[in-house]
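Peer 1: Just so it is clear, I am handing over work.txt, which has compact mmCIF, C-alpha atoms.
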# COMPACT_ATOMS: atom_id res chain seq x y z
CA MET D 1 -24.41 74.54 118.69
CA PRO D 2 -21.71 74.53 116.00
CA GLU D 3 -18.97 75.17 118.55
CA GLU D 4 -19.93 72.06 120.49
CA ILE D 5 -19.61 69.95 117.35
CA MET D 6 -16.25 71.53 116.57
CA GLY D 7 -15.00 70.77 120.05
CA TYR D 8 -13.64 74.30 120.31
CA ARG D 9 -15.21 77.45 121.75
CA PHE D 10 -14.44 80.54 119.71
CA LYS D 11 -13.44 83.79 121.29
CA ASP D 12 -14.54 85.42 118.03
CA PRO D 13 -17.63 83.54 116.78
CA SER D 14 -17.61 85.54 113.53
CA LEU D 15 -14.62 83.47 112.42
CA LEU D 16 -16.66 80.30 112.64
CA HIS D 17 -19.57 81.95 110.85
CA ASN D 18 -17.25 82.95 108.02
CA ALA D 19 -15.76 79.44 107.87
CA LEU D 20 -19.22 77.94 107.40
CA CYS D 21 -20.27 80.45 104.74
CA HIS D 22 -20.13 78.88 101.26
CA SER D 23 -19.68 81.17 98.27
CA SER D 24 -23.25 80.44 97.10
CA TYR D 25 -24.63 81.78 100.39
CA ALA D 26 -22.31 84.78 100.38
CA ASN D 27 -23.41 85.70 96.85
CA GLU D 28 -27.08 85.58 97.83
CA HIS D 29 -26.51 87.70 100.95
CA ARG D 30 -23.82 90.10 99.82
CA GLY D 31 -25.98 93.01 100.92
CA ARG D 32 -25.55 91.82 104.50
CA GLY D 33 -21.79 91.91 104.19
CA GLU D 34 -21.36 88.15 104.02
CA HIS D 35 -18.05 86.80 102.74
CA SER D 36 -17.32 83.29 101.52
CA ASN D 37 -14.95 80.94 103.30
CA GLU D 38 -12.57 80.75 100.34
CA ARG D 39 -9.82 82.88 101.90
CA LEU D 40 -9.99 80.76 105.03
CA GLU D 41 -9.71 77.63 102.87
CA PHE D 42 -6.43 78.96 101.52
CA LEU D 43 -5.00 79.42 105.00
CA GLY D 44 -6.46 76.17 106.29
CA ASP D 45 -4.77 74.21 103.52
CA ALA D 46 -1.39 75.52 104.70
CA VAL D 47 -2.14 74.88 108.38
CA LEU D 48 -3.26 71.34 107.58
CA GLY D 49 -0.06 70.76 105.62
CA VAL D 50 2.09 71.84 108.56
CA ILE D 51 0.21 69.75 111.12
CA SER D 52 0.25 66.61 108.99
CA ALA D 53 3.88 67.05 107.92
CA GLU D 54 5.03 67.57 111.50
CA TYR D 55 3.21 64.45 112.67
CA ILE D 56 4.51 62.28 109.82
CA TYR D 57 8.07 63.53 110.34
CA GLY D 58 8.02 62.63 114.02
CA ARG D 59 6.05 59.39 113.78
CA PHE D 60 7.50 57.71 110.69
CA THR D 61 11.19 58.32 111.24
CA GLU D 62 12.33 55.73 108.69
CA LEU D 63 10.31 57.05 105.75
CA PRO D 64 12.30 58.90 103.06
CA GLU D 65 11.15 62.29 101.85
CA GLY D 66 9.27 60.91 98.84
CA GLU D 67 7.24 58.48 100.93
CA MET D 68 6.44 61.17 103.51
CA THR D 69 5.12 63.34 100.70
CA LYS D 70 2.89 60.51 99.45
CA LEU D 71 1.59 59.83 102.96
CA ARG D 72 0.78 63.49 103.57
CA ALA D 73 -1.02 63.71 100.22
CA SER D 74 -3.18 60.72 101.14
CA ILE D 75 -4.16 62.38 104.42
CA VAL D 76 -4.99 65.86 103.15
CA CYS D 77 -6.78 64.78 99.96
CA GLU D 78 -10.41 65.67 99.32
CA GLN D 79 -11.69 62.18 100.18
CA SER D 80 -9.98 62.14 103.57
CA LEU D 81 -11.24 65.59 104.52
CA TYR D 82 -14.72 64.60 103.36
CA GLU D 83 -14.60 61.61 105.71
CA PHE D 84 -13.61 63.88 108.59
CA ALA D 85 -16.40 66.33 107.76
CA CYS D 86 -18.92 63.51 107.86
CA GLN D 87 -17.58 62.32 111.22
CA ILE D 88 -18.22 65.68 112.83
CA GLY D 89 -21.49 66.42 111.02
CA LEU D 90 -20.11 69.49 109.31
CA GLY D 91 -22.52 69.32 106.38
CA GLU D 92 -25.48 70.17 108.62
CA LEU D 93 -23.81 73.40 109.73
CA LEU D 94 -22.88 74.89 106.37
CA LEU D 95 -24.50 78.07 105.13
CA LEU D 96 -25.42 77.39 101.51
CA GLY D 97 -27.31 79.22 98.79
CA ARG D 98 -30.69 77.90 97.69
CA GLY D 99 -29.33 76.31 94.52
CA GLU D 100 -26.51 74.61 96.39
CA ILE D 101 -28.96 73.28 98.98
CA ASN D 102 -31.24 71.89 96.26
CA GLY D 103 -28.22 70.29 94.61
CA GLY D 104 -27.18 68.48 97.76
CA GLY D 105 -24.19 70.70 98.43
CA ASN D 106 -24.05 69.78 102.10
CA LYS D 107 -23.15 66.24 101.06
CA ARG D 108 -20.77 67.10 98.20
CA PRO D 109 -17.19 65.98 98.97
CA SER D 110 -15.54 69.07 97.49
CA VAL D 111 -17.75 71.44 99.48
CA LEU D 112 -17.22 69.57 102.74
CA ALA D 113 -13.47 69.18 102.25
CA ASP D 114 -13.09 72.91 101.62
CA ALA D 115 -15.18 73.65 104.70
CA VAL D 116 -12.89 71.53 106.88
CA GLU D 117 -9.92 73.62 105.77
CA ALA D 118 -11.85 76.83 106.40
CA VAL D 119 -12.88 75.76 109.91
CA LEU D 120 -9.32 74.68 110.68
CA ALA D 121 -8.08 78.13 109.64
CA ALA D 122 -10.71 79.83 111.75
CA ILE D 123 -9.65 77.84 114.79
CA TYR D 124 -6.00 78.60 114.06
CA LEU D 125 -6.68 82.34 113.85
CA ASP D 126 -8.80 82.29 116.99
CA GLY D 127 -6.73 80.02 119.21
CA GLY D 128 -3.38 79.33 117.58
CA MET D 129 -1.67 76.19 116.35
CA ASP D 130 -2.35 74.13 119.48
CA ALA D 131 -6.08 74.70 119.10
CA ALA D 132 -5.89 73.78 115.41
CA LYS D 133 -4.08 70.56 116.29
CA GLY D 134 -6.70 69.76 118.89
CA PHE D 135 -9.36 69.96 116.19
CA ILE D 136 -7.83 67.61 113.61
CA LEU D 137 -4.69 65.85 114.87
CA ASP D 138 -6.47 62.72 116.14
CA PHE D 139 -7.97 62.22 112.68
CA ILE D 140 -4.58 62.74 111.03
CA LYS D 141 -3.00 60.17 113.36
CA ALA D 142 -5.63 57.53 112.66
CA LYS D 143 -5.58 58.15 108.90
CA ALA D 144 -1.79 58.03 108.75
CA GLU D 145 -1.65 54.69 110.52
CA VAL D 146 -4.20 53.16 108.15
CA MET D 147 -2.44 54.47 105.05
CA ALA D 148 1.01 53.45 106.27
CA ARG D 149 -0.18 49.87 106.87
CA SER D 150 -1.79 49.63 103.44
CA HIS D 151 1.59 49.37 101.64
CA THR D 152 0.16 51.58 98.89
CA LEU D 153 2.70 54.26 99.71
CA VAL D 154 5.76 52.32 98.63
CA ASP D 155 6.56 51.77 94.97
CA TYR D 156 8.56 48.54 95.31
CA LYS D 157 9.08 48.22 91.55
CA THR D 158 10.78 51.60 91.33
CA THR D 159 12.97 50.83 94.34
CA LEU D 160 14.04 47.50 92.85
CA GLN D 161 14.66 49.09 89.46
CA GLU D 162 16.93 51.71 91.02
CA ILE D 163 18.98 49.02 92.74
CA VAL D 164 19.32 46.86 89.65
CA GLN D 165 20.26 49.81 87.47
CA LYS D 166 23.39 50.37 89.55
CA ASN D 167 24.83 47.37 87.69
CA HIS D 168 24.58 48.20 84.00
CA GLN D 169 24.98 44.55 82.98
CA GLU D 170 21.76 43.51 84.72
CA THR D 171 18.26 43.75 83.34
CA LEU D 172 14.95 43.53 85.21
CA SER D 173 11.77 41.98 83.85
CA TYR D 174 8.43 40.56 85.01
CA LYS D 175 6.61 37.54 83.59
CA VAL D 176 3.20 36.10 84.31
CA LYS D 177 3.66 32.69 85.89
CA SER D 178 -0.03 31.90 86.14
CA GLU D 179 -3.49 33.41 86.26
CA SER D 180 -6.63 31.85 87.62
CA GLY D 181 -10.23 32.61 88.45
CA PRO D 182 -13.10 34.20 86.51
CA ASP D 183 -12.61 37.47 84.62
CA HIS D 184 -14.14 39.56 87.41
CA ASP D 185 -12.00 37.97 90.14
CA LYS D 186 -8.68 36.90 88.67
CA LEU D 187 -5.56 36.06 90.64
CA PHE D 188 -2.21 36.70 88.97
CA VAL D 189 1.12 35.19 89.97
CA ILE D 190 4.10 37.04 88.52
CA GLU D 191 7.80 36.26 88.69
CA VAL D 192 10.47 38.93 88.68
CA TYR D 193 13.67 38.16 86.77
CA ILE D 194 17.13 39.64 86.95
CA ASN D 195 18.65 38.80 83.57
CA SER D 196 17.20 35.33 82.88
CA ASN D 197 17.07 34.24 86.51
CA PRO D 198 13.79 34.18 88.45
CA ILE D 199 14.39 35.92 91.77
CA ALA D 200 11.01 36.03 93.47
CA GLU D 201 7.29 35.94 92.81
CA GLY D 202 4.18 37.70 94.01
CA GLN D 203 0.45 37.52 93.56
CA GLY D 204 -2.39 39.99 93.30
CA LYS D 205 -5.81 40.74 91.86
CA SER D 206 -4.18 42.63 89.00
CA LYS D 207 -0.88 42.34 87.17
CA LYS D 208 0.27 45.61 88.72
CA GLN D 209 -0.46 44.37 92.23
CA ALA D 210 1.31 41.08 91.54
CA GLU D 211 4.35 42.89 90.12
CA GLN D 212 4.55 45.10 93.20
CA ALA D 213 4.33 42.01 95.43
CA ALA D 214 7.06 40.27 93.44
CA ALA D 215 9.31 43.33 93.64
CA ARG D 216 8.74 43.56 97.38
CA ALA D 217 9.65 39.88 97.81
CA ALA D 218 12.81 40.44 95.78
CA LEU D 219 13.78 43.42 97.93
CA GLU D 220 13.29 41.36 101.07
CA LEU D 221 15.60 38.67 99.69
CA MET D 222 18.18 41.38 99.06
CA GLY D 223 17.86 42.57 102.64
CA GLU D 224 16.39 45.89 101.52
CA GLN D 225 13.18 45.68 103.58
Could you take the file, read its structure, and then write that structure out as structure tokens?
Peer 2:
Amino acid sequence: MPEEIMGYRFKDPSLLHNALCHSSYANEHRGRGEHSNERLEFLGDAVLGVISAEYIYGRFTELPEGEMTKLRASIVCEQSLYEFACQIGLGELLLLGRGEINGGGNKRPSVLADAVEAVLAAIYLDGGMDAAKGFILDFIKAKAEVMARSHTLVDYKTTLQEIVQKNHQETLSYKVKSESGPDHDKLFVIEVYINSNPIAEGQGKSKKQAEQAAARAALELMGEQ
């Protein structure tokens, strides 16, 4: 049963039916009064934003507003919601039109991500915010921890640039110290300079990664990390 997979029992099962109804199915069965889940997607997007923002705000108390925004975006993006849909087997429950079925719509990331938002909205309407959190909060928590540990959220170069710019006499630059390895698997070592003085270095599989690592090392030396 769909409700068992959702982990939530609906008081109004028609909400779940609507959440699972893709526009292609609704168009083919409009005579039966079917409606697509697009309106629910709209509401679900907002509910997801509130749940994820509230969790990030309480869990990552040292993150500035810009970094919280980046973290939330990484959690509520299409790829993340697609992963969650696959975890709960949502694709097998969707009501799709014949063309969408033949085109593999139940495996398409955009279709599944939208369906997650629609189901979340349906649960919210049926059982309130606590029920909505019960559906998706564990996934948000796990995803947030992974993304926060990845260091991809912090733009160390921008942070370092902002610090250096406070002194108008100082200039910031990056220079390749070395590169090694074959073309498909290079390793770059880059030094970051303030004026003509090398401050720190970092390495990475691309120049951008190495520059970020060098900037992070410089920030640590400045006591900024």
Peer 1: Neighbours of Glu92 (chain D) within 10 Å (all atoms listed in the file; same-chain residues fewer than 5 positions away dropped), as a list in words?
Peer 2: Pro2, Ala85, Cys86, Asn106 and Lys107 of chain D
Peer 1: Here is a test: counting only C-alpha atoms, which residue of D:Phe10, D:Tyr174, D:Phe42, D:Tyr55 is nearest to Glu145 (chain D)?
Peer 2: D:Tyr55
Peer 1: Which residues of region 3-23 of chain D sit at most 12 Å from region 136-141 of chain D, using all atoms listed in the file? Give each one's shortest atom pair and distance in Å (one decimal place), in chain and ascending residue order, as a tab-separated table.
Peer 2:
residue	atom	partner	partner_atom	distance
D:Met6	CA	D:Ile136	CA	9.7
D:Gly7	CA	D:Ile136	CA	10.1
D:Tyr8	CA	D:Ile136	CA	11.1
Peer 1: Let me have the centre and edge lengths in Å, one decimal, of the box along x, y and z around every listed atom of region 183-191 of chain D with 4 Å of margin on each side, as AutoDock Vina command-line options.
Peer 2:
--center_x -3.2 --center_y 37.4 --center_z 87.6 --size_x 29.9 --size_y 12.4 --size_z 14.0
Peer 1: In Å, with one decimal, what is the gap from CA of Glu191 (chain D) to CA of Arg149 (chain D)?
Peer 2: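 Between CA of Glu191 (chain D) and CA of Arg149 (chain D) the gap works out to 24.1 Å.
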Peer 1: Between D:Val176, D:Val47, D:Ala215, D:Ile75, single out the one closest to Tyr124 (chain D), counting only C-alpha atoms.
Peer 2: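 When distances to Tyr124 (chain D) are compared using only C-alpha atoms, the smallest one comes from D:Val47.
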